[in-house]
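These notes concern the structure reproduced below.
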Amino acid sequence: MRRNSRLLIAASVAAANAALLAGCSQGAAPASAGRQVRVTLSEYRIEADSTSFKPGEKVRLIVENKGREDHELESDAGRLDEVKVPIGTTRTVTWTAPSKEGTYPLECDMPGHTGMTIQFSVAP
């Protein structure tokens, strides 16, 4: 009986420690995610905290739609797959900048959103 009590106490302490450690890590970006860049979408503009990246840099894009219409964010040439961002929502995506230096478009390709584009650059 005494041995069972010790096992129960040890298991309880281990569970409490695991819960405490899990709580401390909530909201933290994984080390592999790189720096965070906020991108805001609205009618008919895209704004970003930064538009300059290093070749192959890993970036965590936090994309927020503050508009009155659904938007998306993509860059075929810049290797960013389409990210759909409905009205009033925020999407987070990990992206790796192209390894080739240059200037690339970042755009909303929704029908009727022509011109909703910004340029980003990749340089060492």
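Letters A, B, ... go to the chains of the structure tokens in the order shown; residues in each chain start at 1; ligands are counted from 1 in the same order.
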
Could you give me, as a ChimeraX atom specification, each residue of stretch 17-114 of chain A that DSSP assigns to strand (DSSP E) when run on this structure's backbone? /A:35-42,45-48,52-53,58-65,71-75,80-85,90-96,102-107

May I have the residues from that selection written out with N, CA and C atoms, as a short mmCIF file (atom, residue, chain, number, x, y, z; two decimals), in the first residue's frame?
data_model
loop_
_atom_site.label_atom_id
_atom_site.label_comp_id
_atom_site.auth_asym_id
_atom_site.auth_seq_id
_atom_site.Cartn_x
_atom_site.Cartn_y
_atom_site.Cartn_z
N ARG A 35 12.42 34.66 -37.93
CA ARG A 35 11.80 35.88 -37.42
C ARG A 35 10.35 35.98 -37.87
N GLN A 36 9.60 36.80 -37.19
CA GLN A 36 8.19 37.00 -37.51
C GLN A 36 8.01 38.30 -38.29
N VAL A 37 7.16 38.24 -39.31
CA VAL A 37 6.83 39.42 -40.09
C VAL A 37 5.31 39.49 -40.18
N ARG A 38 4.75 40.62 -39.76
CA ARG A 38 3.30 40.82 -39.85
C ARG A 38 2.94 41.38 -41.23
N VAL A 39 1.90 40.80 -41.82
CA VAL A 39 1.40 41.25 -43.12
C VAL A 39 -0.08 41.56 -42.93
N THR A 40 -0.50 42.75 -43.36
CA THR A 40 -1.89 43.17 -43.21
C THR A 40 -2.51 43.33 -44.60
N LEU A 41 -3.68 42.72 -44.78
CA LEU A 41 -4.42 42.80 -46.03
C LEU A 41 -5.68 43.63 -45.80
N SER A 42 -6.00 44.50 -46.75
CA SER A 42 -7.25 45.26 -46.73
C SER A 42 -7.55 45.63 -48.17
N ARG A 45 -4.88 46.76 -50.66
CA ARG A 45 -3.48 46.99 -50.32
C ARG A 45 -2.93 45.89 -49.43
N ILE A 46 -1.62 45.76 -49.51
CA ILE A 46 -0.88 44.83 -48.67
C ILE A 46 0.20 45.65 -47.97
N GLU A 47 0.29 45.52 -46.66
CA GLU A 47 1.34 46.18 -45.89
C GLU A 47 2.10 45.11 -45.12
N ALA A 48 3.41 45.31 -44.98
CA ALA A 48 4.23 44.32 -44.27
C ALA A 48 5.26 45.05 -43.40
N SER A 52 12.31 42.92 -46.83
CA SER A 52 13.68 42.54 -47.18
C SER A 52 14.06 41.26 -46.46
N PHE A 53 14.55 40.29 -47.22
CA PHE A 53 14.88 38.98 -46.66
C PHE A 53 16.23 38.51 -47.18
N LYS A 58 14.30 31.61 -43.19
CA LYS A 58 13.01 31.10 -42.74
C LYS A 58 12.29 32.23 -42.01
N VAL A 59 11.03 32.44 -42.37
CA VAL A 59 10.25 33.54 -41.83
C VAL A 59 8.87 33.02 -41.42
N ARG A 60 8.39 33.50 -40.31
CA ARG A 60 7.03 33.18 -39.87
C ARG A 60 6.15 34.38 -40.23
N LEU A 61 5.32 34.22 -41.26
CA LEU A 61 4.43 35.28 -41.70
C LEU A 61 3.12 35.21 -40.92
N ILE A 62 2.75 36.32 -40.32
CA ILE A 62 1.48 36.42 -39.61
C ILE A 62 0.61 37.34 -40.47
N VAL A 63 -0.35 36.74 -41.17
CA VAL A 63 -1.13 37.44 -42.19
C VAL A 63 -2.53 37.71 -41.64
N GLU A 64 -2.87 39.00 -41.54
CA GLU A 64 -4.16 39.41 -40.97
C GLU A 64 -5.00 40.12 -42.03
N ASN A 65 -6.26 39.73 -42.13
CA ASN A 65 -7.20 40.38 -43.05
C ASN A 65 -8.03 41.38 -42.26
N HIS A 71 -9.44 37.73 -48.69
CA HIS A 71 -8.21 37.97 -49.43
C HIS A 71 -7.37 36.70 -49.40
N GLU A 72 -6.28 36.72 -50.16
CA GLU A 72 -5.29 35.65 -50.13
C GLU A 72 -3.93 36.28 -50.34
N LEU A 73 -2.91 35.55 -50.01
CA LEU A 73 -1.55 36.03 -50.18
C LEU A 73 -0.76 34.92 -50.85
N GLU A 74 0.00 35.28 -51.89
CA GLU A 74 0.80 34.28 -52.59
C GLU A 74 1.91 34.95 -53.38
N SER A 75 2.89 34.15 -53.74
CA SER A 75 3.96 34.59 -54.62
C SER A 75 4.49 33.37 -55.35
N LEU A 80 5.85 31.21 -52.36
CA LEU A 80 4.87 31.22 -51.27
C LEU A 80 3.56 30.70 -51.82
N ASP A 81 3.14 29.52 -51.34
CA ASP A 81 1.86 28.96 -51.77
C ASP A 81 0.72 29.83 -51.28
N GLU A 82 -0.40 29.75 -51.97
CA GLU A 82 -1.58 30.55 -51.64
C GLU A 82 -2.01 30.36 -50.18
N VAL A 83 -2.20 31.48 -49.50
CA VAL A 83 -2.71 31.48 -48.12
C VAL A 83 -4.05 32.21 -48.15
N LYS A 84 -5.14 31.50 -47.96
CA LYS A 84 -6.47 32.12 -47.95
C LYS A 84 -6.72 32.73 -46.58
N VAL A 85 -7.18 34.00 -46.57
CA VAL A 85 -7.40 34.71 -45.32
C VAL A 85 -8.79 35.33 -45.35
N THR A 90 -6.77 35.76 -39.03
CA THR A 90 -5.31 35.81 -39.12
C THR A 90 -4.81 34.41 -39.39
N ARG A 91 -3.90 34.29 -40.33
CA ARG A 91 -3.27 33.01 -40.65
C ARG A 91 -1.77 33.15 -40.41
N THR A 92 -1.15 32.09 -39.94
CA THR A 92 0.29 32.06 -39.73
C THR A 92 0.88 30.97 -40.60
N VAL A 93 1.94 31.32 -41.32
CA VAL A 93 2.56 30.37 -42.22
C VAL A 93 4.08 30.53 -42.14
N THR A 94 4.78 29.42 -42.15
CA THR A 94 6.24 29.45 -42.19
C THR A 94 6.65 29.38 -43.65
N TRP A 95 7.52 30.31 -44.04
CA TRP A 95 7.93 30.45 -45.43
C TRP A 95 9.44 30.57 -45.50
N THR A 96 10.03 30.01 -46.53
CA THR A 96 11.46 30.15 -46.77
C THR A 96 11.66 31.03 -47.99
N GLY A 102 16.97 38.81 -55.68
CA GLY A 102 16.07 39.46 -56.63
C GLY A 102 14.91 40.13 -55.95
N THR A 103 13.99 40.64 -56.76
CA THR A 103 12.78 41.27 -56.28
C THR A 103 11.61 40.42 -56.76
N TYR A 104 10.68 40.17 -55.86
CA TYR A 104 9.56 39.26 -56.13
C TYR A 104 8.24 39.90 -55.73
N PRO A 105 7.15 39.58 -56.45
CA PRO A 105 5.84 40.11 -56.05
C PRO A 105 5.22 39.27 -54.94
N LEU A 106 4.46 39.92 -54.11
CA LEU A 106 3.63 39.28 -53.09
C LEU A 106 2.24 39.86 -53.34
N GLU A 107 1.26 39.00 -53.61
CA GLU A 107 0.00 39.53 -54.10
C GLU A 107 -1.23 38.78 -53.61
#

Atom CA of A:Asp76 and atom CA of A:Ala123, how far apart in Å? 18.3 Å

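The gap separating atom CA of A:Met110 from atom CA of A:Ala97 is 22.7 Å, in Å to one decimal.
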
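The spacing separating atom CA of A:Met116 from atom CA of A:Glu43 amounts to 8.1 Å.
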
Name the residues in contact with A:Ser99 at a cut-off of 9 Å, using only C-alpha atoms, excluding same-chain residues fewer than 4 positions from it; report them as a PyMOL selection string. chain A and resi 54-57+122

Would you give me, as a VMD selection string, the residues in stretch 13-117 of chain A that DSSP reads as alpha helix (DSSP H)? chain A and resid 13 to 25
